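A short write-up of the structure that comes next.
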Number of protein chains: 4
Amino acid sequence: MLYFQCDYNNGAHPEIIRRLAETNDELHPGYGDDKYSLSAKEKIRKICGRSDAEVFLTVGGTQTNKIVINALLSHGEGVVSAETGHINCHEAGAIEETGHKVLALSQKEGKISSKVLEKYLERFYDDEAHDHMVFPGMVYISHPTEYRTLYTKEELQTLSGICREYDIPLFLDGARLGYGLMSDGTDVTIEDIAELCDVFYIGGTKVGAICGEAVVFTNRKAPKRFFQIVKQSGALLAKGRLLGIQFDTLFENNLYFEISRHAIKMADRIREIFTEKGYEFFIETKTNQVFVILENSKMEELKNNVVFEFWERKNANHTVVRFASSWATKEEDIEKLRELL
Amino acid sequence: MLYFQCDYNNGAHPEIIRRLAETNDELHPGYGDDKYSLSAKEKIRKICGRSDAEVFLTVGGTQTNKIVINALLSHGEGVVSAETGHINCHEAGAIEETGHKVLALSQKEGKISSKVLEKYLERFYDDEAHDHMVFPGMVYISHPTEYRTLYTKEELQTLSGICREYDIPLFLDGARLGYGLMSDGTDVTIEDIAELCDVFYIGGTKVGAICGEAVVFTNRKAPKRFFQIVKQSGALLAKGRLLGIQFDTLFENNLYFEISRHAIKMADRIREIFTEKGYEFFIETKTNQVFVILENSKMEELKNNVVFEFWERKNANHTVVRFASSWATKEEDIEKLRELL
Amino acid sequence: MLYFQCDYNNGAHPEIIRRLAETNDELHPGYGDDKYSLSAKEKIRKICGRSDAEVFLTVGGTQTNKIVINALLSHGEGVVSAETGHINCHEAGAIEETGHKVLALSQKEGKISSKVLEKYLERFYDDEAHDHMVFPGMVYISHPTEYRTLYTKEELQTLSGICREYDIPLFLDGARLGYGLMSDGTDVTIEDIAELCDVFYIGGTKVGAICGEAVVFTNRKAPKRFFQIVKQSGALLAKGRLLGIQFDTLFENNLYFEISRHAIKMADRIREIFTEKGYEFFIETKTNQVFVILENSKMEELKNNVVFEFWERKNANHTVVRFASSWATKEEDIEKLRELL
Amino acid sequence: MLYFQCDYNNGAHPEIIRRLAETNDELHPGYGDDKYSLSAKEKIRKICGRSDAEVFLTVGGTQTNKIVINALLSHGEGVVSAETGHINCHEAGAIEETGHKVLALSQKEGKISSKVLEKYLERFYDDEAHDHMVFPGMVYISHPTEYRTLYTKEELQTLSGICREYDIPLFLDGARLGYGLMSDGTDVTIEDIAELCDVFYIGGTKVGAICGEAVVFTNRKAPKRFFQIVKQSGALLAKGRLLGIQFDTLFENNLYFEISRHAIKMADRIREIFTEKGYEFFIETKTNQVFVILENSKMEELKNNVVFEFWERKNANHTVVRFASSWATKEEDIEKLRELL
């Protein structure tokens, strides 16, 4: 059986397992004060080109979105998001559970356009009744998006400019950031993100770690007592070393970027194969996920040998499905896929 | 340097690291549907003697307390706890953050007496103004307690009886449950707990795991949609295997109990040594932590070679300190400690 | 100046003021145990034809929506609403502040169609990922809607049937219920509402009272401890008589219905006048509010003598505006309006 | 029957009823923009000697405590209160419902001593684990307290000084403020309160109004968007004039102070009578409530003619009961009480 279902079916990168084993007998202080956590944070600051960035290590994506958004919003503020945003669709109401509305904007392929954002903000402040409404308190984007599309540097600059004009933070959900950074579908670098966003996170769980996300606050936007908020949210690990060792490994010798590049290369191959074979794509992506339209009979046939994800029905005879690569995808599996198509 | 500071300075039990490495290349479904999670839950049900128990794996203790308490309380209800309860003191307000009051009762060595509980409940319902007050919606105890003391079976039965009389669930925080079960300071077994409590958790983080707690609901008290509550709380791991493999390992061949017994044995030795050397104890404990009174000069001297925890000032010349053993404590370190005393 | 801006610019119906004065020296128990509150509730049960209904008196509309929705939803549930619903637009995030998402559906003239609701519910439960999503826990409709349109009995029956099929309560926001009941734009009676909905409220603030709404739970759907939830929400008046006297007056001799009928009659006149004068309507309403399209020059001219509400720009030369009548609207003012048009 | 049970059994001061009737036909903008609300706020600013104070009118006491405390606290902060504080005992968990812990301190006759506060704050910041605890984010006191005792100016200055040292706001609950200001049991004036506290409220409900409290923020401590927080909390009245007219009346010609003085005079008479007759007091109060110890047989006898409040059992034969006066207490009723004793 070939697996292209998603990017979280594997364990961790072998180097992470090796380091966990190697350091297992060491004694370290708890709650993130271990030397690996400190070293990981230092490496991340360096990679972002921001010596003043504040870095925190958390366990998972929904948790991170929840804590960051709650920490940055004030009473009566909501978070602006594409209506397809993960926080609006697939986090079981985690944001609202903190008392804040998700202010959903229309989107295109998962992205918020600067026009839509600007118009929304203008209208909001023009509305005489806006004191009876939820204030836009921050903007959430994901990169890659839920459709695995990417913002360009220019797009990010414009969004960032609007946010700064309205004095609201811009938050980038980077659950799959590595795959975005290594794609040739965008010119955005991690330094750009650190400059243009006020907070973002570098996803570990989907990019080589067994768990873990690294939250980066720039522009002095880290909330007062973020550590305590993490604790209060039930997100603080007693053995913070579990996260520290993983991120320290991922940012040693550019491992994070290399394994991300591998995933992109594998996805590019998948795209090539489908193109060669004459399949149509549902969306043009350049990240680690490929959305392709299959004839239903072909889909059923493939299911015997390949695991992939149902996305949506296209029409009576065709279905959109998703093939995902990851840092762990093997070239040989892709060759086998080619043969099956 | 000798370390007796706490029970979370190590990594994981080596067998856990071995299994993580061994299974690392396997592909498993996410969110706790992997076969190791299923197997771990089955083993836990068996150990509890409760085939109908519902088991969930979570990441940490504060997180678990927060989710369980929030899930079980209704509007306007609070959780009854000893005033020294972890939820009342050291979880940064995690319970209140969910909208519920901690109803703190006076305690003795960390335990709630059935008399105090009964009197409180009687007075509450006798009070004409109780509709303007927070209703007691559940009772929280820890075992071992924050003072590392233990309930006897009789005490637990009485507390359980009161809770059932008032139809409120009894929740036992077992962050260090293994150390309680293997101590000869109580006759309480895990089957007793499963029978007398409505929900409890089996602590992993402090007993051999690198992270993880196993929540057990008995008596059909699992809340509707607990899975979704876990997700909404940001506590659901994409790679649930991390927890599954750990608990599957801990409950294979009684590993959990054996390593707990080791910790108790080591703590007993520490107690013996202090007794031999004529030291006085602050509290008589029979679990993995020892509270001893040191002369300040001795304390300062010891600090050069041993790491232990400051507990509280006793008087001008004496201080209460805590020595903790764990599953990882080495006999040789205890010998070295003897020499230093 | 003529005022047709909204239905809350007046004080209270004179009969209410008279009764407040008349009873002012009486001594009554606090917190809603006064005889007027008890009498008002009894009258409301009678009018609804439901001797088993549970009635609570609250102060305002947003407060009522917030408390009812929060009290009825469980963890991880949201409230389904038209995207134009008051709770989704103009309550400053009051619902989300309680931790629950507003699940906004597309609408037509402020109404949720049964097709849209049914499709949404079917899709939700068909979605394999729905455990990662917010569960629909109740349905909120307003009657009259935010566009002052009305459900027919058949429409209400169908919506109610769907809710019962899915076992979720149906909540009707009746902030302007009197105007809906006295309109000839629907055949829905208050008995129908009591039968088909599980909870609704009878608006006082916009229909003769100076403040106050009456919440009615039918079908034994009143939450455990609703009184205490009201207290916890800060909505319980020490001098509950203020609400009791008002509703007791409104439901004495059908006052509530008579003054509502007057408002409808006045709105009908306004509609006639605009029709006569050849104006076009933006939406056909049969309640106490009239949405009409004015040429901008005419609008500016009118503003010198009439206060009305801007609704939205229609095009470069035309604007949609709203004229509202109320229980207090004077016939003579309508004659003056006719002259100005 | 004579009523001395509490201070909220009457309606409103007759002058308030008169003004409500007089202004009833006037048309005013909603949501607090009416001229009476504006005028009331201006009068309150003047009386406080603070032209820069921000004043908001709310409906009830629990509501006000809830909104103010929630608005001023940040994530992870709690409110320090005497353990007998109304927010800790009789608000059904309203504070916790907003996500914040009440940090209860020991008290004496309802008051927090500066020593207790200072020691608590010192210990908190000295505690190495305080990042795992709830931060003291503001201090709540009531004046008169729940035992109807009063702070002296010196006491208030010291508490205020400590709060400023720790940079946390001081909030004074003045549900019965008038009775505190007119008592000769303290030298504290309303100007002192405005200077020494950062926010306080002037109670209307218990002092002449039928509902309503006036929140005053000084020292520029009003939270951003307090209006919207009030709306979101469900506390904003559409017909804000109801509050505006009441406070405008209460602060016209010193009515508030005069009726408060009357209540104090009446309570003084009650105290005199009990003293004359040789009764013992449970607590020495100088406000509008008198706590006296009755022999049980006398208590039962009195109950035939007088309504008063049970406070607590003193011993087998004696009970503590409370007699309350108010702005509405009649001298003749006090004479009748004298005869019954």
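Ordering of the structure tokens sets the chain letters (A, B, ...); residue numbers start at 1 within each chain; ligands are numbered from 1 in the order shown.
All of the residues in chain C within 10 Å of chain B are C:Asn70, C:Ala71, C:Leu72, C:Ser74, C:His75, C:Gly76, C:Glu77, C:Thr98, C:Gly99, C:His130, C:Asp131, C:His132, C:Met133, C:Val134, C:Phe135, C:Pro223, C:Lys224, C:Arg225, C:Phe226, C:Phe227, C:Gln228, C:Ile229, C:Val230, C:Lys231, C:Gln232, C:Ser233, where only C-alpha atoms were counted.
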Please, which residues of region 184-238 of chain D, numbered as in this document, come out helix (DSSP H, G or I) from DSSP, as a short mmCIF file (atom, residue, chain, number, x, y, z; two decimals) with N, CA, C and O atoms, in the first residue's frame?
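Printed below is out20.cif as written:
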```cif
data_model
loop_
_atom_site.label_atom_id
_atom_site.label_comp_id
_atom_site.auth_asym_id
_atom_site.auth_seq_id
_atom_site.Cartn_x
_atom_site.Cartn_y
_atom_site.Cartn_z
N ILE D 190 -16.24 61.40 48.99
CA ILE D 190 -16.27 60.88 47.62
C ILE D 190 -15.07 61.40 46.83
O ILE D 190 -14.54 60.70 45.96
N GLU D 191 -14.59 62.59 47.16
CA GLU D 191 -13.38 63.09 46.50
C GLU D 191 -12.18 62.22 46.87
O GLU D 191 -11.32 61.95 46.03
N ASP D 192 -12.12 61.79 48.12
CA ASP D 192 -11.03 60.89 48.52
C ASP D 192 -11.06 59.61 47.70
O ASP D 192 -10.04 59.12 47.22
N ILE D 193 -12.26 59.08 47.57
CA ILE D 193 -12.39 57.82 46.82
C ILE D 193 -11.96 58.03 45.37
O ILE D 193 -11.22 57.22 44.81
N ALA D 194 -12.40 59.12 44.79
CA ALA D 194 -12.04 59.40 43.40
C ALA D 194 -10.53 59.56 43.24
O ALA D 194 -9.96 59.23 42.20
N GLU D 195 -9.90 60.04 44.29
CA GLU D 195 -8.45 60.25 44.21
C GLU D 195 -7.69 58.95 44.48
O GLU D 195 -6.73 58.62 43.79
N LEU D 196 -8.17 58.19 45.46
CA LEU D 196 -7.39 57.04 45.93
C LEU D 196 -7.71 55.74 45.19
O LEU D 196 -6.90 54.83 45.17
N PHE D 226 -14.78 50.53 26.70
CA PHE D 226 -15.63 50.07 27.79
C PHE D 226 -17.09 50.01 27.36
O PHE D 226 -17.84 49.11 27.75
N PHE D 227 -17.49 50.97 26.53
CA PHE D 227 -18.86 50.98 26.02
C PHE D 227 -19.17 49.64 25.35
O PHE D 227 -20.20 49.02 25.58
N GLN D 228 -18.25 49.20 24.51
CA GLN D 228 -18.48 47.97 23.78
C GLN D 228 -18.46 46.74 24.69
O GLN D 228 -19.20 45.78 24.48
N ILE D 229 -17.63 46.80 25.72
CA ILE D 229 -17.61 45.70 26.69
C ILE D 229 -18.95 45.61 27.41
O ILE D 229 -19.48 44.52 27.64
N VAL D 230 -19.51 46.78 27.74
CA VAL D 230 -20.82 46.80 28.39
C VAL D 230 -21.86 46.18 27.45
O VAL D 230 -22.67 45.34 27.85
N LYS D 231 -21.79 46.55 26.18
CA LYS D 231 -22.71 45.98 25.19
C LYS D 231 -22.53 44.46 25.11
O LYS D 231 -23.48 43.69 25.17
N GLN D 232 -21.29 44.03 24.95
CA GLN D 232 -20.99 42.60 24.82
C GLN D 232 -21.45 41.82 26.05
O GLN D 232 -21.85 40.66 25.94
#
```
Q) CA of Glu146 (chain C) and CA of Ala82 (chain C), how far apart in Å? A) 9.7 Å
Q: Compare A:Tyr179, A:Tyr166, A:Tyr36, A:Tyr151 by their minimum atom-to-atom distance to Ser260 (chain A), counting only C-alpha atoms, and give me the closest one.
A: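 That would be A:Tyr179, the residue with the smallest distance to Ser260 (chain A).
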Q: Find the residues around region 335-339 of chain B up to 10 Å (only C-alpha atoms counted), leave out those fewer than 6 positions away in its own chain, and share them as a VMD selection string.
A: chain B and resid 1 to 4 269 to 270 272 to 274 276 to 277 302 305 to 306
Q: Can you work out the spacing between CA of Tyr201 (chain B) and CA of Val68 (chain A) in Å, to one decimal?
A: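 Those two atoms sit 28.0 Å apart.
The shortest atom-to-atom distance to Tyr140 (chain C), with only C-alpha atoms taken into account, belongs to C:Glu83 out of C:Asp167, C:Asp52, C:Glu83, C:Glu332.
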(Q) So that I can see what lies close to Ala263 (chain A), please list as an NGL selection string the residues with an atom at most 10 Å from it, counting only C-alpha atoms and leaving out residues fewer than 6 positions away in the same chain. (A) :A and (7 or 178-179 or 182-183 or 207 or 257 or 269 or 287-289 or 324-330)
Q: With a distance cut-off of 9 Å and only C-alpha atoms, select the neighbouring residues of Ala209 (chain A), excluding the residue or stretch itself and same-chain residues fewer than 2 positions from it, and output the selection as JSON, numbers by chain.
A: {"A": [11, 12, 13, 16, 203, 204, 205, 206, 207, 211, 212, 213, 243, 246, 247, 250]}
Q: Measure the distance from CA of Glu118 (chain A) to CA of Thr186 (chain A) in Å and round it to one decimal.
A: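 Between these atoms lies a distance of 22.5 Å.
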Q) region 79-242 of chain B: which residues are strand (DSSP E or B) by DSSP, as a ChimeraX atom specification? A) /B:79-82,102-105,108,111,135-142,170-173,199-203,213-217
Let me see the file: selected residues, C-alpha atoms, as a tab-separated table (two decimals), in the first residue's frame.
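New file again-v1.tsv:
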```
chain	number	residue	atom	x	y	z
B	79	VAL	CA	-15.05	22.26	41.71
B	80	VAL	CA	-14.45	21.47	45.37
B	81	SER	CA	-10.76	21.08	46.18
B	82	ALA	CA	-8.41	21.17	49.14
B	102	VAL	CA	-12.41	26.43	42.66
B	103	LEU	CA	-14.27	25.98	45.94
B	104	ALA	CA	-11.37	25.63	48.35
B	105	LEU	CA	-11.83	23.63	51.55
B	108	LYS	CA	-4.81	18.43	56.48
B	111	LYS	CA	-6.18	15.78	52.12
B	135	PHE	CA	-22.86	25.15	43.34
B	136	PRO	CA	-20.47	22.34	44.19
B	137	GLY	CA	-20.45	20.43	40.92
B	138	MET	CA	-17.65	17.94	41.49
B	139	VAL	CA	-14.95	17.03	43.98
B	140	TYR	CA	-11.27	17.05	43.09
B	141	ILE	CA	-8.70	15.18	45.13
B	142	SER	CA	-5.11	14.30	44.35
B	170	LEU	CA	-15.41	12.48	42.23
B	171	PHE	CA	-12.25	13.22	40.25
B	172	LEU	CA	-8.86	11.93	41.31
B	173	ASP	CA	-5.73	13.65	40.02
B	199	VAL	CA	-12.93	9.96	36.59
B	200	PHE	CA	-9.22	9.90	37.33
B	201	TYR	CA	-6.00	10.08	35.44
B	202	ILE	CA	-2.92	7.93	35.43
B	203	GLY	CA	0.07	10.21	35.33
B	213	GLU	CA	-1.59	11.34	31.03
B	214	ALA	CA	-4.33	8.72	30.66
B	215	VAL	CA	-7.79	9.89	31.65
B	216	VAL	CA	-10.21	7.16	32.71
B	217	PHE	CA	-13.96	7.74	32.99
```
Q) Quick one: residues within 10 Å of Lys286 (chain D), only C-alpha atoms counted, chain neighbours fewer than 5 positions away excluded, as a VMD selection string? A) chain D and resid 144 148 to 150 179 to 180 182 to 186 264 to 265 267 to 268 271
Once you have the residues from the selection above, write them out as a PDB file, in the first residue's frame, restricted to N, CA, C and O atoms.
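Output below, filename result-v8.pdb:
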```pdb
ATOM      1  N   PRO D 144     -19.580  50.742  52.116  1.00  0.00           N
ATOM      2  CA  PRO D 144     -19.475  49.840  53.257  1.00  0.00           C
ATOM      3  C   PRO D 144     -19.202  48.399  52.815  1.00  0.00           C
ATOM      4  O   PRO D 144     -19.590  48.004  51.720  1.00  0.00           O
ATOM      5  N   ARG D 148     -20.914  45.886  56.621  1.00  0.00           N
ATOM      6  CA  ARG D 148     -21.345  47.286  56.778  1.00  0.00           C
ATOM      7  C   ARG D 148     -20.369  48.115  57.594  1.00  0.00           C
ATOM      8  O   ARG D 148     -20.736  49.118  58.198  1.00  0.00           O
ATOM      9  N   THR D 149     -19.111  47.673  57.618  1.00  0.00           N
ATOM     10  CA  THR D 149     -18.062  48.471  58.247  1.00  0.00           C
ATOM     11  C   THR D 149     -17.466  49.393  57.185  1.00  0.00           C
ATOM     12  O   THR D 149     -17.763  49.266  55.996  1.00  0.00           O
ATOM     13  N   LEU D 150     -16.599  50.306  57.622  1.00  0.00           N
ATOM     14  CA  LEU D 150     -16.089  51.345  56.729  1.00  0.00           C
ATOM     15  C   LEU D 150     -14.575  51.493  56.853  1.00  0.00           C
ATOM     16  O   LEU D 150     -14.014  51.318  57.940  1.00  0.00           O
ATOM     17  N   TYR D 179     -24.628  55.426  51.981  1.00  0.00           N
ATOM     18  CA  TYR D 179     -24.696  55.146  53.415  1.00  0.00           C
ATOM     19  C   TYR D 179     -23.312  55.211  54.053  1.00  0.00           C
ATOM     20  O   TYR D 179     -23.166  55.547  55.227  1.00  0.00           O
ATOM     21  N   GLY D 180     -22.295  54.889  53.307  1.00  0.00           N
ATOM     22  CA  GLY D 180     -20.926  55.004  53.803  1.00  0.00           C
ATOM     23  C   GLY D 180     -20.508  56.472  53.906  1.00  0.00           C
ATOM     24  O   GLY D 180     -19.879  56.892  54.880  1.00  0.00           O
ATOM     25  N   MET D 182     -22.354  59.141  54.292  1.00  0.00           N
ATOM     26  CA  MET D 182     -23.114  59.935  55.258  1.00  0.00           C
ATOM     27  C   MET D 182     -22.960  59.437  56.696  1.00  0.00           C
ATOM     28  O   MET D 182     -23.478  60.045  57.618  1.00  0.00           O
ATOM     29  N   SER D 183     -22.240  58.342  56.868  1.00  0.00           N
ATOM     30  CA  SER D 183     -22.029  57.804  58.209  1.00  0.00           C
ATOM     31  C   SER D 183     -20.955  58.627  58.919  1.00  0.00           C
ATOM     32  O   SER D 183     -20.029  59.151  58.277  1.00  0.00           O
ATOM     33  N   ASP D 184     -21.032  58.745  60.255  1.00  0.00           N
ATOM     34  CA  ASP D 184     -19.915  59.401  60.947  1.00  0.00           C
ATOM     35  C   ASP D 184     -18.885  58.354  61.393  1.00  0.00           C
ATOM     36  O   ASP D 184     -18.020  58.645  62.205  1.00  0.00           O
ATOM     37  N   GLY D 185     -18.974  57.184  60.806  1.00  0.00           N
ATOM     38  CA  GLY D 185     -18.003  56.135  61.132  1.00  0.00           C
ATOM     39  C   GLY D 185     -16.740  56.212  60.295  1.00  0.00           C
ATOM     40  O   GLY D 185     -15.849  55.379  60.440  1.00  0.00           O
ATOM     41  N   THR D 186     -16.656  57.185  59.411  1.00  0.00           N
ATOM     42  CA  THR D 186     -15.444  57.329  58.602  1.00  0.00           C
ATOM     43  C   THR D 186     -15.289  58.774  58.163  1.00  0.00           C
ATOM     44  O   THR D 186     -16.265  59.523  58.073  1.00  0.00           O
ATOM     45  N   ILE D 264     -29.083  56.727  57.527  1.00  0.00           N
ATOM     46  CA  ILE D 264     -28.120  56.620  58.628  1.00  0.00           C
ATOM     47  C   ILE D 264     -28.764  57.073  59.937  1.00  0.00           C
ATOM     48  O   ILE D 264     -28.616  56.423  60.980  1.00  0.00           O
ATOM     49  N   LYS D 265     -29.518  58.168  59.855  1.00  0.00           N
ATOM     50  CA  LYS D 265     -30.203  58.690  61.046  1.00  0.00           C
ATOM     51  C   LYS D 265     -31.161  57.627  61.607  1.00  0.00           C
ATOM     52  O   LYS D 265     -31.223  57.382  62.808  1.00  0.00           O
ATOM     53  N   ALA D 267     -30.909  54.394  61.156  1.00  0.00           N
ATOM     54  CA  ALA D 267     -30.131  53.279  61.707  1.00  0.00           C
ATOM     55  C   ALA D 267     -29.569  53.663  63.066  1.00  0.00           C
ATOM     56  O   ALA D 267     -29.521  52.845  63.998  1.00  0.00           O
ATOM     57  N   ASP D 268     -29.155  54.911  63.200  1.00  0.00           N
ATOM     58  CA  ASP D 268     -28.641  55.374  64.491  1.00  0.00           C
ATOM     59  C   ASP D 268     -29.722  55.227  65.563  1.00  0.00           C
ATOM     60  O   ASP D 268     -29.447  54.805  66.694  1.00  0.00           O
ATOM     61  N   ARG D 271     -29.970  51.686  66.557  1.00  0.00           N
ATOM     62  CA  ARG D 271     -28.853  51.365  67.452  1.00  0.00           C
ATOM     63  C   ARG D 271     -29.120  51.903  68.860  1.00  0.00           C
ATOM     64  O   ARG D 271     -28.905  51.196  69.850  1.00  0.00           O
TER      65      ARG D 271
END
```
